[in-house]
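**Student:** Starting off with a structure, shown below.
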Amino acid sequence: MIEKKVIPINDMEFLCRIAGSDNDGASVVFLHGFPESSIIWERTMEKMAGLGYRCIAPDQRGYSDGARPEGYENYAFRPLTEDVLAFADYIGGGKQFHLVGHDIGAALGWNVVAMHPEKIKSWTALSVPYWPAYKWAMANDPVQKEKGSYVGHFMQPDVPEAFLAEDDYAILRKLWTGFRPEAIEDYMRIFSQPKARTAVINWYRGIMMVDENITYGNIDTPTAFIWGNKDLAIGKAGIEQSHKYMDGYYNFYELDAGHWLTEFNEPEGF
């Protein structure tokens with residue numbers, strides 16, 4: 001049973017999906033990506049709660065109505081990480097918790113692991129490799145440069161917000177082809193709001209434009225990484241580069257699938 005609840009975190013209010021809050025097991029924090037919401041984790045959370053885990057999946061900063069601070073500097077990795085730690089505290093995993101992330105939620109999750117390894121019992125990343133590996137591929141691999149060209153467009157002021165809304169949200173609806181109707185309805189609840197579109201795009205501006213001086217060492221945290229070899233946004237070069245940073249227990253799963261691993265389809269890209 002999924003409970004939706006608005007909770008206060010870091011002087012903001014976040015809509016969260018929660019399952020198994022009365023369980024005695026370890027806590028799991030789920031981080032969604034772009035352009036989605038915490039609804040992507042509902043089926044996984046129900047299964048995990050059935051196994052005794054306590055689960056929380058927030059509509060993250062920018063996606064929740066009550067959590068849209070102005071200025072892209074508020075969407076850099078350090079403030080986003082503080083949100084993640086607070087979500088874990090709320091569900092009862094403040095000492096240590098399991099972490100799962102997809103897409104830009106995975107990019108954030110890698111940073112949480114890099115900055116706070118003592119907090120993470122295990123880490124599962126979907127689609128996006130370790131952040132320095134992704135940045136390396138964006139700078140050096142022609143395939144990744146092409147697949148990630150939209151990130152550069154997102155640095156422009158106002159233009160990407162208008163692009164997302166153009167022609168009745170045509171590009172978003174194309175990306176969501178084949179998704180569950182209830183998921184699309186939930187996404188439109190967010191992306192139909194101009195302030196939400198700016199806040200969501202500010203994730204890209206914040207993580208690409210704010211110099212946070214984060215140290216990226218090798219990863220000792222028990223890690224699983226799942227990537228679809230038909231991914232529209234992530235090429236293989238960054239995946240292979242990411243493997244080189246893994247020092248601890250590490251499982252990599254290459255699937256014959258696309259980017260939307262929780263929806264099992266692959267529409268065309270931007």
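Each chain in the structure tokens gets a letter, A, B and so on, in the order shown; residues start at 1 in every chain, and ligands are counted from 1 in the order they appear.
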Can you pull out every residue within 9 Å of A:Asp65, counting only C-alpha atoms, but drop anything in the same chain fewer than 6 positions away, and send it as number ranges by chain?
**Tutor:** A: 13-15, 190, 196
**Student:** Convert the current residue selection to file output with all heavy atoms, as an mmCIF file, in the first residue's frame.
**Tutor:**
data_model
loop_
_atom_site.group_PDB
_atom_site.id
_atom_site.type_symbol
_atom_site.label_atom_id
_atom_site.label_comp_id
_atom_site.auth_asym_id
_atom_site.auth_seq_id
_atom_site.Cartn_x
_atom_site.Cartn_y
_atom_site.Cartn_z
ATOM 1 N N GLU A 13 8.470 21.807 1.497
ATOM 2 C CA GLU A 13 7.502 20.735 1.648
ATOM 3 C C GLU A 13 7.546 19.840 0.413
ATOM 4 O O GLU A 13 7.412 20.327 -0.724
ATOM 5 C CB GLU A 13 6.094 21.296 1.851
ATOM 6 C CG GLU A 13 5.931 22.037 3.174
ATOM 7 C CD GLU A 13 4.503 22.477 3.409
ATOM 8 O OE1 GLU A 13 3.762 22.675 2.412
ATOM 9 O OE2 GLU A 13 4.114 22.617 4.588
ATOM 10 N N PHE A 14 7.725 18.547 0.641
ATOM 11 C CA PHE A 14 7.885 17.589 -0.442
ATOM 12 C C PHE A 14 6.737 16.583 -0.436
ATOM 13 O O PHE A 14 6.415 16.010 0.610
ATOM 14 C CB PHE A 14 9.201 16.827 -0.293
ATOM 15 C CG PHE A 14 10.436 17.639 -0.549
ATOM 16 C CD1 PHE A 14 10.969 18.438 0.464
ATOM 17 C CD2 PHE A 14 11.067 17.601 -1.777
ATOM 18 C CE1 PHE A 14 12.119 19.176 0.238
ATOM 19 C CE2 PHE A 14 12.221 18.339 -2.006
ATOM 20 C CZ PHE A 14 12.741 19.135 -1.006
ATOM 21 N N LEU A 15 6.172 16.344 -1.619
ATOM 22 C CA LEU A 15 5.227 15.248 -1.771
ATOM 23 C C LEU A 15 6.028 13.955 -1.880
ATOM 24 O O LEU A 15 6.895 13.829 -2.752
ATOM 25 C CB LEU A 15 4.375 15.446 -3.025
ATOM 26 C CG LEU A 15 3.415 14.288 -3.363
ATOM 27 C CD1 LEU A 15 2.370 14.117 -2.260
ATOM 28 C CD2 LEU A 15 2.756 14.507 -4.712
ATOM 29 N N ILE A 190 2.890 18.162 -12.885
ATOM 30 C CA ILE A 190 4.107 18.928 -12.602
ATOM 31 C C ILE A 190 4.481 19.818 -13.781
ATOM 32 O O ILE A 190 4.635 21.040 -13.641
ATOM 33 C CB ILE A 190 5.263 17.965 -12.286
ATOM 34 C CG1 ILE A 190 4.946 17.154 -11.017
ATOM 35 C CG2 ILE A 190 6.583 18.730 -12.119
ATOM 36 C CD1 ILE A 190 5.851 15.960 -10.804
ATOM 37 N N ALA A 196 7.431 25.068 -12.292
ATOM 38 C CA ALA A 196 7.978 23.720 -12.159
ATOM 39 C C ALA A 196 8.941 23.420 -13.298
ATOM 40 O O ALA A 196 10.004 22.825 -13.077
ATOM 41 C CB ALA A 196 6.848 22.697 -12.145
#
**Student:** Per residue of stretch 110-202 of chain A within 12 Å of stretch 84-92 of chain A, what are the shortest atom pair and its distance in Å to one decimal, counting only C-alpha atoms, with rows by chain and residue number, as JSON lines?
**Tutor:**
{"residue": "A:Trp110", "atom": "CA", "partner": "A:Val84", "partner_atom": "CA", "distance": 11.8}
{"residue": "A:Asn111", "atom": "CA", "partner": "A:Val84", "partner_atom": "CA", "distance": 10.7}
{"residue": "A:Val112", "atom": "CA", "partner": "A:Val84", "partner_atom": "CA", "distance": 7.9}
{"residue": "A:Val113", "atom": "CA", "partner": "A:Val84", "partner_atom": "CA", "distance": 10.9}
{"residue": "A:Met115", "atom": "CA", "partner": "A:Leu85", "partner_atom": "CA", "distance": 11.2}
{"residue": "A:His116", "atom": "CA", "partner": "A:Leu85", "partner_atom": "CA", "distance": 9.2}
{"residue": "A:Pro117", "atom": "CA", "partner": "A:Leu85", "partner_atom": "CA", "distance": 11.7}
{"residue": "A:Glu118", "atom": "CA", "partner": "A:Leu85", "partner_atom": "CA", "distance": 11.7}
{"residue": "A:Lys119", "atom": "CA", "partner": "A:Leu85", "partner_atom": "CA", "distance": 8.4}
{"residue": "A:Ile120", "atom": "CA", "partner": "A:Leu85", "partner_atom": "CA", "distance": 10.0}
{"residue": "A:Lys121", "atom": "CA", "partner": "A:Ala88", "partner_atom": "CA", "distance": 11.9}
**Student:** Keeping only C-alpha atoms, take the residues you just selected and write them out as a tab-separated table (two decimals), in the first residue's frame.
**Tutor:**
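result-v8.tsv, freshly written:
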chain	number	residue	atom	x	y	z
A	110	TRP	CA	26.41	8.76	-7.17
A	111	ASN	CA	27.22	12.10	-5.56
A	112	VAL	CA	25.52	11.12	-2.31
A	113	VAL	CA	27.64	7.96	-2.26
A	115	MET	CA	30.22	12.49	-0.33
A	116	HIS	CA	28.62	10.29	2.36
A	117	PRO	CA	29.71	6.66	1.88
A	118	GLU	CA	29.27	6.00	5.59
A	119	LYS	CA	25.52	6.56	5.20
A	120	ILE	CA	24.88	4.11	2.35
A	121	LYS	CA	24.31	0.39	2.96
**Student:** Can you pull out every residue from stretch 180-221 of chain A that DSSP, working from the backbone, puts in alpha helix (DSSP H), and format the result as a count of residues only?
**Tutor:** 27
**Student:** Near A:Glu212, within 12 Å and counting only C-alpha atoms, which residues show up once chain neighbours fewer than 6 positions away are dropped, as a CSV table (one decimal) with N, CA, C and O atoms, in the first residue's frame?
**Tutor:**
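File produced: around02.csv:
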chain,number,residue,atom,x,y,z
A,73,GLU,N,21.4,27.8,-8.5
A,73,GLU,CA,22.4,27.4,-7.5
A,73,GLU,C,21.8,26.5,-6.4
A,73,GLU,O,22.5,25.8,-5.7
A,74,ASN,N,20.5,26.6,-6.2
A,74,ASN,CA,19.8,25.8,-5.2
A,74,ASN,C,19.5,24.4,-5.7
A,74,ASN,O,18.9,23.6,-5.0
A,75,TYR,N,19.9,24.0,-6.9
A,75,TYR,CA,19.7,22.7,-7.5
A,75,TYR,C,21.0,22.0,-7.9
A,75,TYR,O,21.1,21.2,-8.7
A,76,ALA,N,22.1,22.4,-7.2
A,76,ALA,CA,23.4,21.8,-7.3
A,76,ALA,C,23.4,20.5,-6.5
A,76,ALA,O,22.5,20.3,-5.7
A,77,PHE,N,24.5,19.7,-6.6
A,77,PHE,CA,24.5,18.4,-5.9
A,77,PHE,C,24.5,18.5,-4.4
A,77,PHE,O,23.9,17.7,-3.8
A,78,ARG,N,25.2,19.5,-3.9
A,78,ARG,CA,25.3,19.6,-2.4
A,78,ARG,C,23.9,19.8,-1.8
A,78,ARG,O,23.5,19.1,-0.8
A,79,PRO,N,23.1,20.9,-2.2
A,79,PRO,CA,21.8,21.0,-1.6
A,79,PRO,C,20.9,19.9,-1.9
A,79,PRO,O,20.1,19.5,-1.0
A,111,ASN,N,26.6,11.0,-6.4
A,111,ASN,CA,27.2,12.1,-5.6
A,111,ASN,C,27.0,11.9,-4.1
A,111,ASN,O,27.8,12.2,-3.3
A,115,MET,N,30.0,11.6,-1.4
A,115,MET,CA,30.2,12.5,-0.3
A,115,MET,C,29.9,11.9,1.0
A,115,MET,O,30.5,12.3,2.0
A,206,GLY,N,22.2,23.8,-12.4
A,206,GLY,CA,22.9,23.7,-11.1
A,206,GLY,C,24.0,22.7,-11.1
A,206,GLY,O,25.2,23.1,-10.7
**Student:** Within 6 Å of A:Gly238, counting only C-alpha atoms, which residues qualify if same-chain residues fewer than 4 places away don't, as a ChimeraX atom specification?
**Tutor:** /A:133-134,137,242
**Student:** Which residue gives the smallest distance to A:Asp141 among A:Gly248, A:Gly228, A:Gly235, A:Gly71, with only C-alpha atoms counted?
**Tutor:**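 Under the stated criterion, the closest residue is A:Gly235.
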**Student:** Which residues of stretch 99-203 of chain A have any atom within 8 Å of an atom in stretch 30-53 of chain A when counting only C-alpha atoms, and what is the closest pair of atoms for each, with the distance in Å to one decimal? Order the rows by chain and rising number and write it as JSON lines.
**Tutor:**
{"residue": "A:Leu99", "atom": "CA", "partner": "A:Phe30", "partner_atom": "CA", "distance": 6.2}
{"residue": "A:Val100", "atom": "CA", "partner": "A:Phe30", "partner_atom": "CA", "distance": 4.8}
{"residue": "A:Gly101", "atom": "CA", "partner": "A:Leu31", "partner_atom": "CA", "distance": 4.5}
{"residue": "A:His102", "atom": "CA", "partner": "A:Gly33", "partner_atom": "CA", "distance": 5.4}
{"residue": "A:Asp103", "atom": "CA", "partner": "A:Gly33", "partner_atom": "CA", "distance": 4.7}
{"residue": "A:Ile104", "atom": "CA", "partner": "A:Gly33", "partner_atom": "CA", "distance": 4.8}
{"residue": "A:Gly105", "atom": "CA", "partner": "A:Gly33", "partner_atom": "CA", "distance": 4.7}
{"residue": "A:Ala106", "atom": "CA", "partner": "A:Leu31", "partner_atom": "CA", "distance": 7.0}
{"residue": "A:Gly109", "atom": "CA", "partner": "A:Leu31", "partner_atom": "CA", "distance": 7.5}
{"residue": "A:Leu172", "atom": "CA", "partner": "A:Pro35", "partner_atom": "CA", "distance": 7.6}
{"residue": "A:Ala183", "atom": "CA", "partner": "A:Ile39", "partner_atom": "CA", "distance": 6.4}
{"residue": "A:Asp186", "atom": "CA", "partner": "A:Ser37", "partner_atom": "CA", "distance": 7.3}
{"residue": "A:Tyr187", "atom": "CA", "partner": "A:Glu36", "partner_atom": "CA", "distance": 5.7}
{"residue": "A:Val200", "atom": "CA", "partner": "A:Phe34", "partner_atom": "CA", "distance": 7.8}
**Student:** From the set A:Asp168, A:Asp231, A:Glu82, A:Glu263, which residue has the shortest atom-to-atom contact distance to A:Val143, counting only C-alpha atoms?
**Tutor:**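 Closest candidate: A:Asp231.
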**Student:** Calculate how many Å separate atom CA of A:Pro142 from atom CA of A:Lys236, rounding to one decimal.
**Tutor:**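 Atom CA of A:Pro142 sits 11.1 Å away from atom CA of A:Lys236.
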**Student:** Neighbours of A:Tyr245 within 9 Å (only C-alpha atoms; same-chain residues fewer than 5 positions away dropped), as a JSON list (two decimals) with C-alpha atoms, in the first residue's frame?
**Tutor:**
[["chain", "number", "residue", "atom", "x", "y", "z"],
["A", 130, "TYR", "CA", 29.37, 7.54, -11.94],
["A", 133, "ALA", "CA", 32.75, 8.95, -15.87],
["A", 217, "GLY", "CA", 37.31, 8.91, -5.38],
["A", 218, "ASN", "CA", 36.82, 5.22, -6.08],
["A", 219, "ILE", "CA", 33.59, 3.62, -4.84],
["A", 220, "ASP", "CA", 33.77, 1.05, -2.03]]
**Student:** So the first atom is atom CA of A:Thr215 and the second is atom CA of A:Gln241; what is the distance between them in Å, to one decimal place?
**Tutor:**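 These two atoms are separated by 17.0 Å.
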**Student:** Please determine, counting only C-alpha atoms, which residue among A:Ala165, A:Ala233, A:Val29, A:Leu255 has the shortest atom-to-atom distance to A:Lys145.
**Tutor:**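 Under the stated criterion, the closest residue is A:Ala233.
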**Student:** One number please: atom CA of A:Tyr253 to atom CA of A:Leu108, in Å, one decimal.
**Tutor:**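 According to the coordinates, atom CA of A:Tyr253 and atom CA of A:Leu108 are separated by 19.9 Å.
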**Student:** Which residues are close to A:Lys230, i.e. within 10 Å by only C-alpha atoms, leaving aside same-chain residues fewer than 4 positions away? Reply as a tab-separated table (two decimals) with N, CA and C atoms, in the first residue's frame.
**Tutor:**
chain	number	residue	atom	x	y	z
A	234	ILE	N	22.45	7.77	-22.82
A	234	ILE	CA	23.72	7.33	-22.24
A	234	ILE	C	24.38	6.29	-23.13
A	235	GLY	N	25.60	6.61	-23.60
A	235	GLY	CA	26.36	5.69	-24.42
A	235	GLY	C	27.25	4.78	-23.60
A	236	LYS	N	27.90	3.84	-24.29
A	236	LYS	CA	28.67	2.80	-23.61
A	236	LYS	C	30.00	3.31	-23.06
A	254	GLU	N	23.83	-5.33	-17.95
A	254	GLU	CA	23.51	-4.72	-19.24
A	254	GLU	C	22.26	-5.39	-19.80
A	255	LEU	N	21.21	-4.60	-19.98
A	255	LEU	CA	19.94	-5.13	-20.45
A	255	LEU	C	19.72	-4.77	-21.92
A	256	ASP	N	18.98	-5.59	-22.62
A	256	ASP	CA	18.56	-5.27	-23.97
A	256	ASP	C	17.32	-4.39	-23.85
A	257	ALA	N	17.56	-3.14	-23.49
A	257	ALA	CA	16.48	-2.22	-23.14
A	257	ALA	C	16.93	-0.79	-23.39
A	258	GLY	N	15.99	0.14	-23.24
A	258	GLY	CA	16.29	1.54	-23.42
A	258	GLY	C	16.51	2.26	-22.10
A	259	HIS	N	16.16	3.53	-22.08
A	259	HIS	CA	16.44	4.39	-20.94
A	259	HIS	C	15.41	4.25	-19.82
A	266	GLU	N	11.00	2.43	-25.13
A	266	GLU	CA	12.05	3.34	-25.58
A	266	GLU	C	11.56	4.20	-26.73
**Student:** Which residues are near A:Phe225? Cut-off 6 Å, only C-alpha atoms, ignore same chain within fewer than 5 positions. Put them as a PyMOL selection string.
**Tutor:** chain A and resi 124-126+252
**Student:** Please save N, CA and C atoms of the selected residues as a short mmCIF file (atom, residue, chain, number, x, y, z; two decimals), in the first residue's frame.
**Tutor:**
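Here's the written file part_5.cif:
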data_model
loop_
_atom_site.label_atom_id
_atom_site.label_comp_id
_atom_site.auth_asym_id
_atom_site.auth_seq_id
_atom_site.Cartn_x
_atom_site.Cartn_y
_atom_site.Cartn_z
N THR A 124 22.11 1.38 -5.80
CA THR A 124 21.68 0.84 -7.08
C THR A 124 21.41 1.99 -8.04
N ALA A 125 22.19 2.06 -9.12
CA ALA A 125 22.06 3.12 -10.12
C ALA A 125 21.43 2.55 -11.39
N LEU A 126 20.48 3.26 -11.94
CA LEU A 126 19.85 2.90 -13.19
C LEU A 126 20.19 3.94 -14.26
N PHE A 252 27.29 -5.35 -12.43
CA PHE A 252 26.81 -4.57 -13.57
C PHE A 252 25.87 -5.43 -14.40
#
**Student:** Which residue gives the smallest distance to A:Asn140 among A:Phe191, A:Ala237, A:Ala67, A:Met208, with only C-alpha atoms counted?
**Tutor:**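 Checking each of A:Phe191, A:Ala237, A:Ala67, A:Met208 against A:Asn140, counting only C-alpha atoms, the winner is A:Ala237.
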**Student:** Just checking: using only C-alpha atoms, which residue out of A:Pro132, A:Gly93, A:Gly62, A:Gly25 ends up closest to A:Tyr204?
**Tutor:** A:Gly62
**Student:** List every residue of stretch 54-259 of chain A that DSSP, applied to the backbone of this structure, places in strand (DSSP E), and write the result as a ChimeraX atom specification.
**Tutor:** /A:54-58,97-102,120-126,223-228,250-255
**Student:** Pull C-alpha atoms from the residues just selected and write them as a PDB file, in the first residue's frame.
**Tutor:**
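Now in result.pdb:
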ATOM      1  CA  ARG A  54      10.734   0.930   4.796  1.00  0.00           C
ATOM      2  CA  CYS A  55      10.558   2.895   1.555  1.00  0.00           C
ATOM      3  CA  ILE A  56      10.335   6.559   0.613  1.00  0.00           C
ATOM      4  CA  ALA A  57      10.294   8.134  -2.851  1.00  0.00           C
ATOM      5  CA  PRO A  58      10.025  11.933  -2.971  1.00  0.00           C
ATOM      6  CA  PHE A  97      20.092   3.320   4.290  1.00  0.00           C
ATOM      7  CA  HIS A  98      19.836   1.734   0.859  1.00  0.00           C
ATOM      8  CA  LEU A  99      19.758   4.156  -2.066  1.00  0.00           C
ATOM      9  CA  VAL A 100      18.267   3.701  -5.556  1.00  0.00           C
ATOM     10  CA  GLY A 101      18.267   6.256  -8.375  1.00  0.00           C
ATOM     11  CA  HIS A 102      17.363   6.535 -12.056  1.00  0.00           C
ATOM     12  CA  ILE A 120      24.877   4.111   2.349  1.00  0.00           C
ATOM     13  CA  LYS A 121      24.308   0.387   2.964  1.00  0.00           C
ATOM     14  CA  SER A 122      24.006  -0.292  -0.764  1.00  0.00           C
ATOM     15  CA  TRP A 123      23.634   1.741  -3.931  1.00  0.00           C
ATOM     16  CA  THR A 124      21.676   0.837  -7.084  1.00  0.00           C
ATOM     17  CA  ALA A 125      22.059   3.117 -10.123  1.00  0.00           C
ATOM     18  CA  LEU A 126      19.848   2.897 -13.193  1.00  0.00           C
ATOM     19  CA  THR A 223      26.924  -1.148  -5.830  1.00  0.00           C
ATOM     20  CA  ALA A 224      24.666  -2.453  -8.590  1.00  0.00           C
ATOM     21  CA  PHE A 225      24.500  -0.628 -11.913  1.00  0.00           C
ATOM     22  CA  ILE A 226      21.770  -1.340 -14.494  1.00  0.00           C
ATOM     23  CA  TRP A 227      22.037   0.037 -18.042  1.00  0.00           C
ATOM     24  CA  GLY A 228      20.024  -0.569 -21.191  1.00  0.00           C
ATOM     25  CA  TYR A 250      30.009  -4.395  -7.757  1.00  0.00           C
ATOM     26  CA  ASN A 251      27.471  -5.963 -10.094  1.00  0.00           C
ATOM     27  CA  PHE A 252      26.810  -4.566 -13.566  1.00  0.00           C
ATOM     28  CA  TYR A 253      23.723  -5.566 -15.544  1.00  0.00           C
ATOM     29  CA  GLU A 254      23.507  -4.718 -19.235  1.00  0.00           C
ATOM     30  CA  LEU A 255      19.937  -5.134 -20.453  1.00  0.00           C
TER      31      LEU A 255
END
